[in-house]
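A.B. asks: The structure under discussion is supplied below as structure tokens; questions concerning it will follow.
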Amino acid sequence: MKLLLFTVLFFIVAHSGLLGQKYKMWQIITNSGVVYPYVTIQNQTADSLYVNGCNVTSAIHIDAIKSIRHERESRIGMGFLIGAAGGGAIGLSTKSSGYFSEERDFLSTILYTVIGGFLGSIIGGISGADEFYDMERINHQQKLVLLAKIRNN
């Protein structure tokens with residue numbers, strides 16, 4: 001029963017990321033220093049990028065874009081929860097026999113939970129790196145291709 005509970009908890013936590021943010025929020029900086037923070041990319045034409053921020057749509061000339069950044073949120077907490085749930089499930093599934101078997105099972109479950117949480121935190125921290133695109137030194141056609149790739153991801 002405990003194994004089933006931990007397994008269900010593990011899958012709920014693991015798939016809760018699907019319910020999170022649906023649109024990527026970007027920060028766009030132009031060559032003149034204008035910053036468009038927390039915008040979503042709406043559309044792209046041959047010479048303009050249309051972004052929406054605070055329910056206002058703005059057109060930015062593609063050649064005026066200096067950089068685009070997507071700051072990913074930290075996934076350390078989610079990694080810890082997933083790792084701890086997985087480690088706890090593994091700890092519960094291991095059974096020992098002997099004189100102190102119940103105490104040993106309890107301690108091994110705690111140990112696996114702590115190790116799983118630690119490893120999950122490390123993996124979560126690594127997977128939360130920002131996306132940054134420097135567009136100052138690329139030509140117009142390369143910018144169009146890069147922006148199309150960004151929009152499709």
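Within each chain, counting starts at residue 1; across the structure tokens, chains are named A, B, ... in the order shown, with ligands numbered 1 upward in that order.
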Per residue of segment 13-123 of chain A within 10 Å of segment 148-152 of chain A, note the shortest atom pair and the distance in Å to one decimal, counting only C-alpha atoms, and order the rows by chain and increasing residue number, as JSON lines.

C.D. replies:
{"residue": "A:Lys24", "atom": "CA", "partner": "A:Arg151", "partner_atom": "CA", "distance": 9.5}
{"residue": "A:Thr40", "atom": "CA", "partner": "A:Arg151", "partner_atom": "CA", "distance": 9.6}
{"residue": "A:Ile41", "atom": "CA", "partner": "A:Arg151", "partner_atom": "CA", "distance": 6.9}
{"residue": "A:Gln42", "atom": "CA", "partner": "A:Arg151", "partner_atom": "CA", "distance": 8.2}
{"residue": "A:Asn43", "atom": "CA", "partner": "A:Arg151", "partner_atom": "CA", "distance": 8.2}
{"residue": "A:Gln44", "atom": "CA", "partner": "A:Ala148", "partner_atom": "CA", "distance": 7.7}
{"residue": "A:Thr45", "atom": "CA", "partner": "A:Ala148", "partner_atom": "CA", "distance": 9.9}
{"residue": "A:Ile68", "atom": "CA", "partner": "A:Ile150", "partner_atom": "CA", "distance": 9.7}

A.B. asks: Would you save the residues of that selection, restricted to C-alpha atoms, as a CSV table (one decimal), in the first residue's frame?

C.D. replies:
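Saved file selection.csv follows:
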chain,number,residue,atom,x,y,z
A,24,LYS,CA,7.2,31.4,-22.9
A,40,THR,CA,5.1,36.6,-25.6
A,41,ILE,CA,6.0,36.3,-29.3
A,42,GLN,CA,2.8,36.5,-31.3
A,43,ASN,CA,3.7,36.7,-35.0
A,44,GLN,CA,6.5,37.3,-37.4
A,45,THR,CA,6.6,38.9,-40.8
A,68,ILE,CA,16.3,37.8,-26.8

A.B. asks: Check segment 22-146 of chain A with DSSP on the backbone and list each residue it calls helix (DSSP H, G or I), as a ChimeraX atom specification.

C.D. replies: /A:62-64,76-93,101-126,140-146

A.B. asks: Could you write out that same residue set with C-alpha atoms as a short mmCIF file (atom, residue, chain, number, x, y, z; two decimals), in the first residue's frame?

C.D. replies:
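Listed below is the output, out-v1.cif:
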data_model
loop_
_atom_site.label_atom_id
_atom_site.label_comp_id
_atom_site.auth_asym_id
_atom_site.auth_seq_id
_atom_site.Cartn_x
_atom_site.Cartn_y
_atom_site.Cartn_z
CA ILE A 62 13.76 42.48 -36.83
CA ASP A 63 17.02 44.28 -37.63
CA ALA A 64 16.60 46.41 -34.48
CA ILE A 76 15.40 22.67 -8.03
CA GLY A 77 12.25 22.30 -5.92
CA MET A 78 10.45 20.16 -8.49
CA GLY A 79 13.60 18.05 -8.94
CA PHE A 80 13.81 17.56 -5.18
CA LEU A 81 10.19 16.43 -4.95
CA ILE A 82 10.46 14.03 -7.88
CA GLY A 83 13.78 12.63 -6.64
CA ALA A 84 12.55 12.26 -3.06
CA ALA A 85 9.36 10.52 -4.17
CA GLY A 86 11.33 8.16 -6.43
CA GLY A 87 13.90 7.47 -3.74
CA GLY A 88 11.17 6.86 -1.18
CA ALA A 89 9.45 4.44 -3.55
CA ILE A 90 12.70 2.54 -4.05
CA GLY A 91 13.32 2.53 -0.29
CA LEU A 92 9.86 1.13 0.36
CA SER A 93 10.29 -1.57 -2.25
CA SER A 101 14.40 -5.57 9.77
CA GLU A 102 11.64 -2.99 10.45
CA GLU A 103 14.08 -0.39 11.75
CA ARG A 104 16.48 -1.09 8.90
CA ASP A 105 13.64 -0.78 6.34
CA PHE A 106 12.59 2.55 7.83
CA LEU A 107 16.13 3.92 7.81
CA SER A 108 16.79 2.70 4.26
CA THR A 109 13.58 4.39 3.09
CA ILE A 110 14.68 7.66 4.72
CA LEU A 111 18.18 7.32 3.23
CA TYR A 112 16.84 6.62 -0.28
CA THR A 113 14.45 9.59 0.04
CA VAL A 114 17.26 11.96 1.05
CA ILE A 115 19.60 10.70 -1.69
CA GLY A 116 16.82 10.90 -4.29
CA GLY A 117 15.95 14.44 -3.23
CA PHE A 118 19.59 15.50 -3.41
CA LEU A 119 20.12 14.02 -6.88
CA GLY A 120 16.79 15.44 -8.09
CA SER A 121 17.82 18.92 -6.90
CA ILE A 122 21.06 18.72 -8.86
CA ILE A 123 19.30 17.57 -12.03
CA GLY A 124 16.59 20.21 -11.58
CA GLY A 125 19.18 22.96 -11.20
CA ILE A 126 21.03 21.89 -14.32
CA HIS A 140 18.61 39.62 -41.60
CA GLN A 141 18.05 36.17 -43.13
CA GLN A 142 19.74 34.42 -40.19
CA LYS A 143 17.54 36.44 -37.81
CA LEU A 144 14.42 35.30 -39.65
CA VAL A 145 15.48 31.66 -39.39
CA LEU A 146 16.38 32.01 -35.70
#

A.B. asks: Need to verify the contact set: Ile60 of chain A, 9 Å, only C-alpha atoms, exclusion of same-chain residues closer than 3 positions in sequence. Can you return it as a short mmCIF file (atom, residue, chain, number, x, y, z; two decimals) with N, CA, C and O atoms, in the first residue's frame?

C.D. replies:
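Listing of around-v4.cif after writing:
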data_model
loop_
_atom_site.label_atom_id
_atom_site.label_comp_id
_atom_site.auth_asym_id
_atom_site.auth_seq_id
_atom_site.Cartn_x
_atom_site.Cartn_y
_atom_site.Cartn_z
N THR A 30 16.45 45.98 -27.77
CA THR A 30 16.74 46.50 -29.10
C THR A 30 18.11 47.16 -29.12
O THR A 30 18.71 47.42 -28.07
N ASP A 47 9.79 41.56 -41.95
CA ASP A 47 10.62 42.61 -41.35
C ASP A 47 10.28 42.95 -39.91
O ASP A 47 10.96 43.76 -39.30
N SER A 48 9.24 42.35 -39.34
CA SER A 48 8.83 42.71 -37.98
C SER A 48 8.51 41.48 -37.14
O SER A 48 8.09 40.44 -37.65
N LEU A 49 8.70 41.67 -35.85
CA LEU A 49 8.32 40.67 -34.86
C LEU A 49 7.24 41.30 -33.98
O LEU A 49 7.42 42.40 -33.47
N TYR A 50 6.13 40.62 -33.84
CA TYR A 50 5.02 41.13 -33.04
C TYR A 50 5.02 40.42 -31.69
O TYR A 50 4.98 39.19 -31.63
N VAL A 51 5.07 41.23 -30.63
CA VAL A 51 5.11 40.70 -29.28
C VAL A 51 3.96 41.29 -28.48
O VAL A 51 3.47 42.37 -28.78
N ASP A 63 15.62 43.84 -37.63
CA ASP A 63 17.02 44.28 -37.63
C ASP A 63 17.36 45.14 -36.42
O ASP A 63 18.54 45.41 -36.17
N ALA A 64 16.36 45.59 -35.67
CA ALA A 64 16.60 46.41 -34.48
C ALA A 64 16.77 45.56 -33.22
O ALA A 64 17.09 46.09 -32.16
N ILE A 65 16.58 44.26 -33.32
CA ILE A 65 16.68 43.39 -32.13
C ILE A 65 18.14 43.07 -31.84
O ILE A 65 18.86 42.58 -32.69
#

A.B. asks: Which distance in Å separates atom CA of Val35 of chain A and atom CA of Arg137 of chain A, to one decimal?

C.D. replies: 18.6 Å

A.B. asks: Restricting the calculation to only C-alpha atoms, which member of A:Ala46, A:Val56, A:Trp26, A:Thr94 is positioned closest to Glu71 of chain A?

C.D. replies: A:Trp26

A.B. asks: As an exercise, work out the distance from atom CA of Arg72 of chain A to atom CA of Phe132 of chain A in Å and give it to one decimal place.

C.D. replies: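 A separation of 10.5 Å between them.
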
A.B. asks: Restricting the calculation to only C-alpha atoms: of A:Lys66, A:Asn153, A:Ile138, A:Lys95, which residue gets closest to Gly33 of chain A?

C.D. replies: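 Result for the nearest residue to Gly33 of chain A: A:Lys66.
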
A.B. asks: Could you check which of A:Met135, A:Val34, A:Ile28, A:Val39 is closest to Arg69 of chain A, using only C-alpha atoms?

C.D. replies: A:Ile28

A.B. asks: Got a sec to tell me which of segment 52-152 of chain A DSSP assigns to strand (DSSP E or B), as a list in words?

C.D. replies: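 The residues of segment 52-152 of chain A classed as strand (DSSP E or B) are Asn52, Gly53, Val56, Thr57, Ser58, Ala59, Ile60, His61, Ile65, Lys66, Ser67, Ile68, Arg69, His70, Glu131, Phe132, Tyr133 and Asp134 of chain A.
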
A.B. asks: So how many Å separate atom CA of Ser67 of chain A and atom CA of Tyr38 of chain A, to one decimal?

C.D. replies: 13.7 Å
